[in-house]
Number of protein chains: 2
Amino acid sequence: MDDSTGTINKLRANGGRVTPVRRALLQILSSNKQPGSPRQLLAQLKKKGFDANKTTVYRQLEMMHGAGIISEINLSDGVKRYELADSGHHHHLICLRCARIDDVVLPAGLEPRVEIAKMIKRVKKFAVERHSLEFFGVCARCRE
Amino acid sequence: MDDSTGTINKLRANGGRVTPVRRALLQILSSNKQPGSPRQLLAQLKKKGFDANKTTVYRQLEMMHGAGIISEINLSDGVKRYELADSGHHHHLICLRCARIDDVVLPAGLEPRVEIAKMIKRVKKFAVERHSLEFFGVCARCRE
DNA sequence: ATTATATTTGCAACTTAGTTGCGTAATTAC
DNA sequence: GTAATTACGCAACTAAGTTGCAAATATAAT
């Protein structure tokens, strides 16, 4: 009963079957400290002994993303990254030197959700469903 | 003396030569209402009678981006888009139905730059250099 | 437990974005 | 106008991501 039990139930709830590859992928995602690219996740699967195929990984990620189990992150390098969705609403700090990705949770007052969404609806008649906010800069380690 | 004159000077200032392709690209970028992908920009070039090559377009965009003449936008579809940098700091509204991209300028109070950057430096020791904030939702036209 | 059904998987081939090396062409400086 | 340098076009390449289909396997029904 590790961290991935909850997400496995979510899988079942979405009519998905519980296969070894899926179980392993979820376990990997739940133990990863940083969002992983399909390529990295595939490598991690192989390290675990699964001779998985990239097609499978892409399909799993797509399915789990659609089911809201994982969320997708787009940085500037053209590679998608995935992390468990239940890690709470947060944003990312991307280090321009070492490429490390850290999380940051903004205090409610600074979170751009509510007020800005209202203003955009009023001025632009655009209904915001979600936003992405990423910060690029230099991390603590690289600044020393 | 159209809108692209200024950017052509920026080109010269950066040691760049003024070639027909560059002139045309800048003209296209300055008349585009939405950020354009390399593919779109190449198509626009061809429509103007330049039998340009995609390599050239990629190289131009990279160079102009490096020189700060244009800025790069990364959405969720794995395609980079470019717009003139001197259009002022703004964010994008991306319609999930029609894929149209609109701009929005946030009032100073709602702009996540200053306060959040300070807080991130304090708490995470991370020095923010730039941020990207995009809103995904449904545009006015598609909501009717 | 066994079987039937539907989903998942792996493979190979494909598409699209973007890159690299190099010879040719064009711009700028003289 | 000529030389030096930069930009261009082409072809070949890498890497991300997709698609069709046949074989494998998880689930549900017996």
# chains A, B, ... in the order shown; residues from 1 in each chain; ligands from 1

call {"tool": "calpha_fit_and_write", "arguments": {"fixed": "chain B", "moving": "chain A", "output": "CSV table (one decimal) with N, CA and C atoms, in the first residue's frame"}}
result
chain,number,residue,atom,x,y,z
A,1,MET,N,8.4,53.0,-45.1
A,1,MET,CA,8.6,53.1,-43.6
A,1,MET,C,7.5,52.5,-42.9
A,2,ASP,N,7.4,51.2,-42.9
A,2,ASP,CA,6.3,50.6,-42.1
A,2,ASP,C,6.7,50.2,-40.7
A,3,ASP,N,5.9,49.4,-40.1
A,3,ASP,CA,6.2,49.0,-38.7
A,3,ASP,C,7.5,48.3,-38.5
A,4,SER,N,8.0,47.7,-39.6
A,4,SER,CA,9.2,46.8,-39.4
A,4,SER,C,10.5,47.6,-39.5
A,5,THR,N,10.4,48.9,-39.8
A,5,THR,CA,11.7,49.7,-39.9
A,5,THR,C,12.5,49.6,-38.6
A,6,GLY,N,11.8,49.8,-37.5
A,6,GLY,CA,12.4,49.7,-36.2
A,6,GLY,C,13.1,48.4,-35.9
A,7,THR,N,12.5,47.3,-36.2
A,7,THR,CA,13.1,46.0,-36.0
A,7,THR,C,14.3,45.8,-37.0
A,8,ILE,N,14.2,46.4,-38.1
A,8,ILE,CA,15.3,46.2,-39.1
A,8,ILE,C,16.6,46.9,-38.5
A,9,ASN,N,16.3,48.1,-37.9
A,9,ASN,CA,17.5,48.7,-37.2
A,9,ASN,C,18.0,47.9,-36.1
A,10,LYS,N,17.1,47.2,-35.4
A,10,LYS,CA,17.6,46.4,-34.3
A,10,LYS,C,18.5,45.3,-34.9
A,11,LEU,N,18.1,44.8,-36.0
A,11,LEU,CA,18.9,43.7,-36.7
A,11,LEU,C,20.3,44.2,-36.9
A,12,ARG,N,20.4,45.4,-37.5
A,12,ARG,CA,21.7,46.0,-37.8
A,12,ARG,C,22.5,46.2,-36.6
A,13,ALA,N,21.8,46.7,-35.5
A,13,ALA,CA,22.5,46.9,-34.3
A,13,ALA,C,23.1,45.7,-33.7
A,14,ASN,N,22.5,44.5,-34.0
A,14,ASN,CA,23.0,43.2,-33.6
A,14,ASN,C,24.0,42.6,-34.5
A,15,GLY,N,24.5,43.4,-35.5
A,15,GLY,CA,25.5,42.9,-36.4
A,15,GLY,C,24.9,42.0,-37.5
A,16,GLY,N,23.6,42.0,-37.6
A,16,GLY,CA,22.9,41.2,-38.7
A,16,GLY,C,22.9,41.9,-40.0
A,17,ARG,N,22.9,41.2,-41.1
A,17,ARG,CA,22.8,41.8,-42.4
A,17,ARG,C,21.3,41.9,-42.7
A,18,VAL,N,21.0,42.8,-43.5
A,18,VAL,CA,19.6,43.0,-44.0
A,18,VAL,C,19.4,42.3,-45.3
A,19,THR,N,18.8,41.2,-45.2
A,19,THR,CA,18.6,40.4,-46.5
A,19,THR,C,17.1,40.4,-46.8
A,20,PRO,N,16.8,40.1,-48.0
A,20,PRO,CA,15.4,40.1,-48.4
A,20,PRO,C,14.5,39.2,-47.5
A,21,VAL,N,15.0,38.0,-47.2
A,21,VAL,CA,14.2,37.1,-46.4
A,21,VAL,C,14.0,37.7,-45.0
A,22,ARG,N,15.0,38.3,-44.4
A,22,ARG,CA,14.8,38.8,-43.1
A,22,ARG,C,13.9,40.0,-43.1
A,23,ARG,N,14.0,40.8,-44.1
A,23,ARG,CA,13.1,42.0,-44.2
A,23,ARG,C,11.7,41.5,-44.3
A,24,ALA,N,11.5,40.5,-45.2
A,24,ALA,CA,10.1,39.9,-45.4
A,24,ALA,C,9.6,39.3,-44.1
A,25,LEU,N,10.4,38.5,-43.4
A,25,LEU,CA,10.0,37.9,-42.2
A,25,LEU,C,9.6,38.9,-41.1
A,26,LEU,N,10.3,39.9,-41.0
A,26,LEU,CA,10.0,41.0,-40.0
A,26,LEU,C,8.7,41.7,-40.4
A,27,GLN,N,8.5,41.9,-41.7
A,27,GLN,CA,7.3,42.5,-42.1
A,27,GLN,C,6.1,41.6,-41.8
A,28,ILE,N,6.3,40.3,-42.1
A,28,ILE,CA,5.2,39.4,-41.8
A,28,ILE,C,4.9,39.3,-40.3
A,29,LEU,N,6.0,39.3,-39.5
A,29,LEU,CA,5.8,39.2,-38.0
A,29,LEU,C,5.1,40.5,-37.5
A,30,SER,N,5.4,41.6,-38.1
A,30,SER,CA,4.8,42.9,-37.6
A,30,SER,C,3.4,43.0,-38.1
A,31,SER,N,3.0,42.3,-39.1
A,31,SER,CA,1.6,42.5,-39.6
A,31,SER,C,0.7,41.4,-39.0
A,32,ASN,N,1.3,40.3,-38.5
A,32,ASN,CA,0.6,39.2,-37.9
A,32,ASN,C,-0.2,39.6,-36.6
A,33,LYS,N,-1.4,39.2,-36.6
A,33,LYS,CA,-2.2,39.6,-35.4
A,33,LYS,C,-2.0,38.5,-34.3
A,34,GLN,N,-1.5,37.3,-34.7
A,34,GLN,CA,-1.3,36.2,-33.8
A,34,GLN,C,0.1,35.7,-33.9
A,35,PRO,N,0.7,35.2,-32.9
A,35,PRO,CA,2.0,34.6,-33.0
A,35,PRO,C,2.0,33.5,-34.0
A,36,GLY,N,3.1,33.4,-34.8
A,36,GLY,CA,3.2,32.5,-35.9
A,36,GLY,C,4.2,31.4,-35.6
A,37,SER,N,3.9,30.2,-36.1
A,37,SER,CA,4.8,29.0,-36.0
A,37,SER,C,5.8,29.1,-37.2
A,38,PRO,N,6.9,28.5,-37.0
A,38,PRO,CA,7.9,28.4,-38.1
A,38,PRO,C,7.2,28.0,-39.4
A,39,ARG,N,6.4,27.0,-39.3
A,39,ARG,CA,5.7,26.4,-40.5
A,39,ARG,C,4.8,27.5,-41.1
A,40,GLN,N,4.0,28.2,-40.3
A,40,GLN,CA,3.1,29.2,-40.8
A,40,GLN,C,3.9,30.4,-41.5
A,41,LEU,N,5.0,30.7,-40.8
A,41,LEU,CA,5.8,31.9,-41.3
A,41,LEU,C,6.5,31.5,-42.6
A,42,LEU,N,6.9,30.3,-42.7
A,42,LEU,CA,7.5,29.8,-44.0
A,42,LEU,C,6.4,29.9,-45.1
A,43,ALA,N,5.2,29.4,-44.8
A,43,ALA,CA,4.1,29.5,-45.8
A,43,ALA,C,3.9,30.9,-46.2
A,44,GLN,N,3.9,31.8,-45.2
A,44,GLN,CA,3.6,33.3,-45.5
A,44,GLN,C,4.7,33.8,-46.4
A,45,LEU,N,6.0,33.4,-46.1
A,45,LEU,CA,7.1,33.8,-47.0
A,45,LEU,C,6.9,33.3,-48.4
A,46,LYS,N,6.5,32.1,-48.5
A,46,LYS,CA,6.3,31.6,-49.9
A,46,LYS,C,5.2,32.3,-50.6
A,47,LYS,N,4.2,32.6,-49.9
A,47,LYS,CA,3.1,33.4,-50.5
A,47,LYS,C,3.5,34.7,-51.0
A,48,LYS,N,4.6,35.2,-50.3
A,48,LYS,CA,5.1,36.5,-50.7
A,48,LYS,C,6.1,36.4,-51.9
A,49,GLY,N,6.3,35.2,-52.3
A,49,GLY,CA,7.2,35.0,-53.5
A,49,GLY,C,8.6,34.6,-53.1
A,50,PHE,N,8.9,34.4,-51.8
A,50,PHE,CA,10.2,34.0,-51.4
A,50,PHE,C,10.2,32.4,-51.4
A,51,ASP,N,11.1,31.8,-52.1
A,51,ASP,CA,11.1,30.4,-52.1
A,51,ASP,C,12.0,29.9,-50.9
A,52,ALA,N,11.7,30.4,-49.8
A,52,ALA,CA,12.6,30.2,-48.6
A,52,ALA,C,12.6,28.8,-48.1
A,53,ASN,N,13.6,28.5,-47.4
A,53,ASN,CA,13.9,27.1,-46.9
A,53,ASN,C,13.6,27.1,-45.4
A,54,LYS,N,13.1,26.0,-44.9
A,54,LYS,CA,12.7,25.9,-43.5
A,54,LYS,C,13.9,26.1,-42.6
A,55,THR,N,15.1,25.6,-43.0
A,55,THR,CA,16.3,25.8,-42.2
A,55,THR,C,16.5,27.3,-42.0
A,56,THR,N,16.4,28.1,-43.1
A,56,THR,CA,16.6,29.5,-42.9
A,56,THR,C,15.6,30.2,-41.9
A,57,VAL,N,14.4,29.8,-42.0
A,57,VAL,CA,13.4,30.3,-41.1
A,57,VAL,C,13.8,30.0,-39.7
A,58,TYR,N,14.1,28.7,-39.4
A,58,TYR,CA,14.5,28.4,-38.1
A,58,TYR,C,15.7,29.2,-37.6
A,59,ARG,N,16.6,29.3,-38.5
A,59,ARG,CA,17.9,30.1,-38.1
A,59,ARG,C,17.5,31.5,-37.8
A,60,GLN,N,16.7,32.1,-38.7
A,60,GLN,CA,16.3,33.5,-38.5
A,60,GLN,C,15.6,33.7,-37.1
A,61,LEU,N,14.7,32.8,-36.9
A,61,LEU,CA,13.9,33.0,-35.7
A,61,LEU,C,14.8,32.8,-34.4
A,62,GLU,N,15.7,31.9,-34.5
A,62,GLU,CA,16.6,31.7,-33.4
A,62,GLU,C,17.5,32.9,-33.2
A,63,MET,N,18.0,33.5,-34.3
A,63,MET,CA,18.8,34.6,-34.2
A,63,MET,C,18.1,35.9,-33.6
A,64,MET,N,16.9,36.1,-34.2
A,64,MET,CA,16.1,37.2,-33.7
A,64,MET,C,15.6,37.1,-32.3
A,65,HIS,N,15.4,35.8,-31.9
A,65,HIS,CA,15.0,35.6,-30.5
A,65,HIS,C,16.1,35.9,-29.6
A,66,GLY,N,17.3,35.4,-30.0
A,66,GLY,CA,18.5,35.7,-29.2
A,66,GLY,C,18.8,37.2,-29.1
A,67,ALA,N,18.5,37.9,-30.1
A,67,ALA,CA,18.7,39.3,-30.1
A,67,ALA,C,17.6,40.1,-29.5
A,68,GLY,N,16.6,39.4,-29.0
A,68,GLY,CA,15.5,40.1,-28.3
A,68,GLY,C,14.6,40.8,-29.2
A,69,ILE,N,14.6,40.5,-30.5
A,69,ILE,CA,13.7,41.2,-31.4
A,69,ILE,C,12.3,40.5,-31.4
A,70,ILE,N,12.3,39.2,-31.3
A,70,ILE,CA,11.1,38.5,-31.2
A,70,ILE,C,11.0,37.7,-29.9
A,71,SER,N,9.8,37.3,-29.5
A,71,SER,CA,9.7,36.5,-28.4
A,71,SER,C,9.0,35.2,-28.7
A,72,GLU,N,9.3,34.2,-28.0
A,72,GLU,CA,8.9,32.8,-28.3
A,72,GLU,C,7.8,32.4,-27.3
A,73,ILE,N,6.8,31.7,-27.8
A,73,ILE,CA,5.7,31.3,-27.0
A,73,ILE,C,5.5,29.8,-27.1
A,74,ASN,N,5.4,29.1,-26.0
A,74,ASN,CA,5.2,27.7,-26.0
A,74,ASN,C,3.9,27.3,-25.4
A,75,LEU,N,3.1,26.7,-26.3
A,75,LEU,CA,1.8,26.3,-25.8
A,75,LEU,C,1.9,24.8,-25.6
A,76,SER,N,0.7,24.1,-25.6
A,76,SER,CA,0.7,22.7,-25.2
A,76,SER,C,0.9,21.8,-26.4
A,77,ASP,N,1.0,22.3,-27.6
A,77,ASP,CA,1.0,21.5,-28.8
A,77,ASP,C,2.3,21.2,-29.4
A,78,GLY,N,3.4,21.5,-28.7
A,78,GLY,CA,4.7,21.2,-29.2
A,78,GLY,C,5.2,22.0,-30.3
A,79,VAL,N,4.5,23.1,-30.6
A,79,VAL,CA,4.9,24.0,-31.7
A,79,VAL,C,5.3,25.4,-31.1
A,80,LYS,N,6.4,25.9,-31.5
A,80,LYS,CA,6.8,27.2,-31.0
A,80,LYS,C,6.2,28.3,-31.9
A,81,ARG,N,5.9,29.4,-31.2
A,81,ARG,CA,5.3,30.5,-32.0
A,81,ARG,C,6.1,31.7,-31.6
A,82,TYR,N,6.1,32.6,-32.6
A,82,TYR,CA,6.9,33.9,-32.4
A,82,TYR,C,6.1,35.1,-32.7
A,83,GLU,N,6.4,36.2,-32.0
A,83,GLU,CA,5.8,37.5,-32.2
A,83,GLU,C,6.8,38.5,-31.9
A,84,LEU,N,6.6,39.7,-32.4
A,84,LEU,CA,7.5,40.8,-32.2
A,84,LEU,C,7.6,41.1,-30.7
A,85,ALA,N,8.8,41.3,-30.2
A,85,ALA,CA,9.0,41.5,-28.8
A,85,ALA,C,8.6,42.9,-28.3
A,86,ASP,N,8.5,43.8,-29.2
A,86,ASP,CA,8.2,45.2,-28.7
A,86,ASP,C,6.7,45.4,-28.6
A,87,SER,N,6.0,44.4,-28.6
A,87,SER,CA,4.5,44.6,-28.4
A,87,SER,C,4.1,44.7,-27.0
A,88,GLY,N,5.1,44.9,-26.1
A,88,GLY,CA,4.8,45.1,-24.7
A,88,GLY,C,4.6,43.8,-23.9
A,89,HIS,N,4.7,43.9,-22.6
A,89,HIS,CA,4.5,42.7,-21.8
A,89,HIS,C,3.1,42.3,-21.8
A,90,HIS,N,2.7,41.1,-22.2
A,90,HIS,CA,1.3,40.7,-22.2
A,90,HIS,C,1.3,39.2,-22.0
A,91,HIS,N,0.1,38.7,-21.8
A,91,HIS,CA,-0.1,37.2,-21.7
A,91,HIS,C,-1.0,36.8,-22.8
A,92,HIS,N,-1.2,35.5,-22.9
A,92,HIS,CA,-2.0,34.9,-24.0
A,92,HIS,C,-3.3,34.2,-23.5
A,93,LEU,N,-4.3,34.4,-24.2
A,93,LEU,CA,-5.5,33.6,-24.0
A,93,LEU,C,-5.7,32.6,-25.2
A,94,ILE,N,-5.6,31.3,-24.8
A,94,ILE,CA,-5.7,30.3,-25.9
A,94,ILE,C,-7.0,29.6,-25.9
A,95,CYS,N,-7.7,29.7,-27.0
A,95,CYS,CA,-9.0,29.1,-27.0
A,95,CYS,C,-8.9,27.6,-27.3
A,96,LEU,N,-9.5,26.8,-26.4
A,96,LEU,CA,-9.4,25.3,-26.5
A,96,LEU,C,-10.3,24.8,-27.6
A,97,ARG,N,-11.2,25.6,-28.1
A,97,ARG,CA,-12.1,25.1,-29.2
A,97,ARG,C,-11.5,25.5,-30.6
A,98,CYS,N,-11.2,26.8,-30.8
A,98,CYS,CA,-10.7,27.2,-32.1
A,98,CYS,C,-9.2,27.5,-32.2
A,99,ALA,N,-8.6,27.4,-31.1
A,99,ALA,CA,-7.1,27.5,-31.1
A,99,ALA,C,-6.6,29.0,-31.3
A,100,ARG,N,-7.6,29.9,-31.4
A,100,ARG,CA,-7.2,31.3,-31.6
A,100,ARG,C,-6.4,31.8,-30.4
A,101,ILE,N,-5.5,32.7,-30.6
A,101,ILE,CA,-4.7,33.2,-29.5
A,101,ILE,C,-4.9,34.7,-29.5
A,102,ASP,N,-5.3,35.2,-28.3
A,102,ASP,CA,-5.5,36.6,-28.1
A,102,ASP,C,-4.6,37.1,-27.0
A,103,ASP,N,-4.3,38.4,-27.0
A,103,ASP,CA,-3.4,39.0,-26.0
A,103,ASP,C,-4.3,39.5,-24.9
A,104,VAL,N,-3.6,39.6,-23.7
A,104,VAL,CA,-4.3,40.3,-22.6
A,104,VAL,C,-3.2,41.0,-21.8
A,105,VAL,N,-3.4,42.3,-21.5
A,105,VAL,CA,-2.4,43.0,-20.6
A,105,VAL,C,-3.0,43.1,-19.3
A,106,LEU,N,-2.3,42.6,-18.3
A,106,LEU,CA,-2.8,42.6,-16.9
A,106,LEU,C,-2.6,43.9,-16.3
A,107,PRO,N,-3.5,44.5,-15.5
A,107,PRO,CA,-3.2,45.7,-14.8
A,107,PRO,C,-2.1,45.4,-13.8
A,108,ALA,N,-1.3,46.4,-13.5
A,108,ALA,CA,-0.1,46.3,-12.7
A,108,ALA,C,-0.3,45.5,-11.5
A,109,GLY,N,-1.5,45.7,-10.8
A,109,GLY,CA,-1.7,45.1,-9.5
A,109,GLY,C,-1.9,43.6,-9.7
A,110,LEU,N,-2.3,43.1,-10.8
A,110,LEU,CA,-2.5,41.7,-11.0
A,110,LEU,C,-1.3,41.0,-11.7
A,111,GLU,N,-0.4,41.8,-12.2
A,111,GLU,CA,0.8,41.2,-12.9
A,111,GLU,C,1.7,40.4,-11.9
A,112,PRO,N,1.9,39.2,-12.2
A,112,PRO,CA,2.6,38.3,-11.2
A,112,PRO,C,4.1,38.6,-11.1
A,113,ARG,N,4.6,39.7,-11.7
A,113,ARG,CA,6.0,39.8,-11.7
A,113,ARG,C,6.7,40.1,-10.3
A,114,VAL,N,6.4,41.3,-9.9
A,114,VAL,CA,7.2,41.8,-8.8
A,114,VAL,C,7.1,41.0,-7.4
A,115,GLU,N,5.9,41.0,-6.9
A,115,GLU,CA,5.7,40.4,-5.6
A,115,GLU,C,6.1,39.0,-5.6
A,116,ILE,N,5.6,38.2,-6.6
A,116,ILE,CA,5.9,36.8,-6.6
A,116,ILE,C,7.4,36.5,-6.7
A,117,ALA,N,8.0,37.3,-7.5
A,117,ALA,CA,9.5,37.1,-7.7
A,117,ALA,C,10.2,37.3,-6.4
A,118,LYS,N,9.8,38.3,-5.7
A,118,LYS,CA,10.4,38.6,-4.4
A,118,LYS,C,10.2,37.4,-3.4
A,119,MET,N,9.0,36.9,-3.4
A,119,MET,CA,8.6,35.8,-2.5
A,119,MET,C,9.4,34.6,-2.9
A,120,ILE,N,9.6,34.3,-4.1
A,120,ILE,CA,10.3,33.2,-4.6
A,120,ILE,C,11.8,33.3,-4.2
A,121,LYS,N,12.3,34.5,-4.3
A,121,LYS,CA,13.7,34.7,-4.0
A,121,LYS,C,13.9,34.4,-2.5
A,122,ARG,N,13.0,34.9,-1.7
A,122,ARG,CA,13.1,34.8,-0.3
A,122,ARG,C,13.0,33.3,0.2
A,123,VAL,N,11.9,32.7,-0.3
A,123,VAL,CA,11.6,31.3,0.2
A,123,VAL,C,12.5,30.2,-0.5
A,124,LYS,N,12.7,30.4,-1.8
A,124,LYS,CA,13.3,29.3,-2.6
A,124,LYS,C,14.8,29.7,-3.0
A,125,LYS,N,15.2,30.9,-2.8
A,125,LYS,CA,16.5,31.3,-3.2
A,125,LYS,C,16.7,31.2,-4.7
A,126,PHE,N,15.6,31.3,-5.4
A,126,PHE,CA,15.6,31.2,-6.9
A,126,PHE,C,15.4,32.5,-7.5
A,127,ALA,N,16.3,32.9,-8.4
A,127,ALA,CA,16.3,34.3,-9.0
A,127,ALA,C,15.5,34.2,-10.3
A,128,VAL,N,14.3,34.7,-10.2
A,128,VAL,CA,13.4,34.7,-11.4
A,128,VAL,C,13.9,35.7,-12.4
A,129,GLU,N,14.1,35.2,-13.7
A,129,GLU,CA,14.4,36.1,-14.8
A,129,GLU,C,13.2,36.5,-15.6
A,130,ARG,N,12.4,35.5,-15.9
A,130,ARG,CA,11.2,35.8,-16.7
A,130,ARG,C,10.2,34.7,-16.3
A,131,HIS,N,8.9,35.0,-16.7
A,131,HIS,CA,7.9,34.1,-16.4
A,131,HIS,C,7.0,33.9,-17.6
A,132,SER,N,6.3,32.8,-17.7
A,132,SER,CA,5.3,32.7,-18.7
A,132,SER,C,4.0,32.4,-18.1
A,133,LEU,N,3.0,33.1,-18.5
A,133,LEU,CA,1.6,32.9,-18.0
A,133,LEU,C,0.6,32.8,-19.1
A,134,GLU,N,0.0,31.7,-19.3
A,134,GLU,CA,-1.0,31.5,-20.3
A,134,GLU,C,-2.3,31.1,-19.7
A,135,PHE,N,-3.4,31.5,-20.4
A,135,PHE,CA,-4.7,31.1,-19.9
A,135,PHE,C,-5.4,30.3,-21.0
A,136,PHE,N,-5.9,29.2,-20.6
A,136,PHE,CA,-6.6,28.3,-21.6
A,136,PHE,C,-8.1,28.3,-21.2
A,137,GLY,N,-8.9,28.4,-22.2
A,137,GLY,CA,-10.3,28.4,-22.0
A,137,GLY,C,-11.1,28.6,-23.3
A,138,VAL,N,-12.3,29.2,-23.2
A,138,VAL,CA,-13.1,29.3,-24.4
A,138,VAL,C,-13.3,30.8,-24.7
A,139,CYS,N,-13.0,31.2,-26.0
A,139,CYS,CA,-13.1,32.6,-26.4
A,139,CYS,C,-14.5,33.1,-26.6
A,140,ALA,N,-14.6,34.4,-26.7
A,140,ALA,CA,-15.9,35.0,-26.8
A,140,ALA,C,-16.7,34.4,-28.0
A,141,ARG,N,-16.0,34.3,-29.1
A,141,ARG,CA,-16.7,33.8,-30.3
A,141,ARG,C,-17.2,32.4,-30.2
A,142,CYS,N,-16.4,31.5,-29.5
A,142,CYS,CA,-16.8,30.1,-29.4
A,142,CYS,C,-17.9,30.0,-28.3
A,143,ARG,N,-18.1,31.0,-27.4
A,143,ARG,CA,-19.0,30.9,-26.3
A,143,ARG,C,-20.4,31.2,-26.8
A,144,GLU,N,-20.6,31.8,-27.9
A,144,GLU,CA,-21.9,32.3,-28.3
A,144,GLU,C,-22.8,31.2,-28.7

call {"tool": "select_by_dssp", "arguments": {"residues": "segment 35-99 of chain B", "states": "strand (DSSP E)", "output": "PyMOL selection string"}}
result
chain B and resi 70-74+80-84+91-95

call {"tool": "interface_residues", "arguments": {"of": "chain C", "to": "chain A", "cutoff": "9 Å", "atoms": "only C-alpha atoms (C1' of nucleotides)", "output": "JSON list (two decimals) with N, CA and C atoms (P, O5', C5', C4', C3', O3' and C1' of nucleotides), in the first residue's frame"}}
result
[["chain", "number", "residue", "atom", "x", "y", "z"],
["C", 7, "DT", "P", -13.44, -2.13, -24.54],
["C", 7, "DT", "O5'", -11.98, -1.99, -23.89],
["C", 7, "DT", "C5'", -11.78, -2.40, -22.54],
["C", 7, "DT", "C4'", -10.33, -2.75, -22.34],
["C", 7, "DT", "C3'", -9.35, -1.64, -22.74],
["C", 7, "DT", "O3'", -8.57, -1.35, -21.60],
["C", 7, "DT", "C1'", -8.66, -3.74, -23.61],
["C", 8, "DT", "P", -7.53, -0.22, -21.56],
["C", 8, "DT", "O5'", -6.17, -1.01, -21.88],
["C", 8, "DT", "C5'", -5.84, -2.13, -21.09],
["C", 8, "DT", "C4'", -4.56, -2.76, -21.59],
["C", 8, "DT", "C3'", -3.44, -1.78, -21.92],
["C", 8, "DT", "O3'", -2.27, -2.25, -21.26],
["C", 8, "DT", "C1'", -3.76, -3.27, -23.71],
["C", 9, "DT", "P", -0.95, -1.45, -21.22],
["C", 9, "DT", "O5'", -0.08, -2.23, -22.29],
["C", 9, "DT", "C5'", 0.21, -3.61, -22.06],
["C", 9, "DT", "C4'", 0.87, -4.20, -23.29],
["C", 9, "DT", "C3'", 2.08, -3.42, -23.78],
["C", 9, "DT", "O3'", 3.25, -4.19, -23.56],
["C", 9, "DT", "C1'", 0.64, -4.10, -25.57],
["C", 10, "DG", "P", 4.69, -3.59, -23.78],
["C", 10, "DG", "O5'", 4.99, -4.04, -25.27],
["C", 10, "DG", "C5'", 4.94, -5.42, -25.59],
["C", 10, "DG", "C4'", 5.24, -5.62, -27.06],
["C", 10, "DG", "C3'", 6.47, -4.85, -27.59],
["C", 10, "DG", "O3'", 7.21, -5.75, -28.39],
["C", 10, "DG", "C1'", 4.55, -4.27, -28.86],
["C", 11, "DC", "P", 8.66, -5.40, -28.86],
["C", 11, "DC", "O5'", 8.47, -5.14, -30.43],
["C", 11, "DC", "C5'", 7.78, -6.12, -31.20],
["C", 11, "DC", "C4'", 7.31, -5.51, -32.51],
["C", 11, "DC", "C3'", 8.36, -4.63, -33.21],
["C", 11, "DC", "O3'", 8.66, -5.20, -34.47],
["C", 11, "DC", "C1'", 6.20, -3.66, -33.28],
["C", 17, "DA", "P", 5.12, 20.32, -37.96],
["C", 17, "DA", "O5'", 6.33, 20.25, -36.94],
["C", 17, "DA", "C5'", 6.06, 20.05, -35.56],
["C", 17, "DA", "C4'", 7.34, 20.17, -34.77],
["C", 17, "DA", "C3'", 8.11, 21.46, -35.04],
["C", 17, "DA", "O3'", 8.60, 21.95, -33.79],
["C", 17, "DA", "C1'", 9.47, 19.57, -35.57]]

call {"tool": "atom_distance", "arguments": {"atom1": "atom C1' of DT14 of chain D", "atom2": "atom C1' of DT16 of chain C"}}
result
12.3 Å

call {"tool": "select_by_dssp", "arguments": {"residues": "segment 24-136 of chain B", "states": "alpha helix (DSSP H)", "output": "number ranges by chain"}}
result
B: 24-31, 38-47, 54-66, 114-124

call {"tool": "closest_residue", "arguments": {"among": "D:DC21, D:DA29, D:DA7, D:DA15", "to": "chain A", "atoms": "only C-alpha atoms (C1' of nucleotides)"}}
result
D:DA15

call {"tool": "closest_atom_pairs", "arguments": {"of": "chain D", "to": "chain A", "cutoff": "9 Å", "atoms": "only C-alpha atoms (C1' of nucleotides)", "output": "Markdown table"}}
result
| residue | atom | partner | partner_atom | distance |
| --- | --- | --- | --- | --- |
| D:DA16 | C1' | A:Val79 | CA | 7.6 |
| D:DG17 | C1' | A:Tyr58 | CA | 8.0 |
| D:DT18 | C1' | A:Thr55 | CA | 8.5 |
| D:DT25 | C1' | A:Thr19 | CA | 8.6 |
| D:DA26 | C1' | A:Arg17 | CA | 6.5 |
| D:DT27 | C1' | A:Arg17 | CA | 7.8 |

call {"tool": "write_last_selection", "arguments": {"atoms": "C-alpha atoms (C1' of nucleotides)", "output": "mmCIF file, in the first residue's frame"}}
result
data_model
loop_
_atom_site.group_PDB
_atom_site.id
_atom_site.type_symbol
_atom_site.label_atom_id
_atom_site.label_comp_id
_atom_site.auth_asym_id
_atom_site.auth_seq_id
_atom_site.Cartn_x
_atom_site.Cartn_y
_atom_site.Cartn_z
ATOM 1 C "C1'" DA D 16 9.134 13.592 -30.487
ATOM 2 C "C1'" DG D 17 5.083 11.759 -31.139
ATOM 3 C "C1'" DT D 18 1.343 8.975 -33.875
ATOM 4 C "C1'" DT D 25 -3.554 -10.355 -21.186
ATOM 5 C "C1'" DA D 26 -6.837 -8.429 -17.720
ATOM 6 C "C1'" DT D 27 -11.517 -8.734 -16.590
#
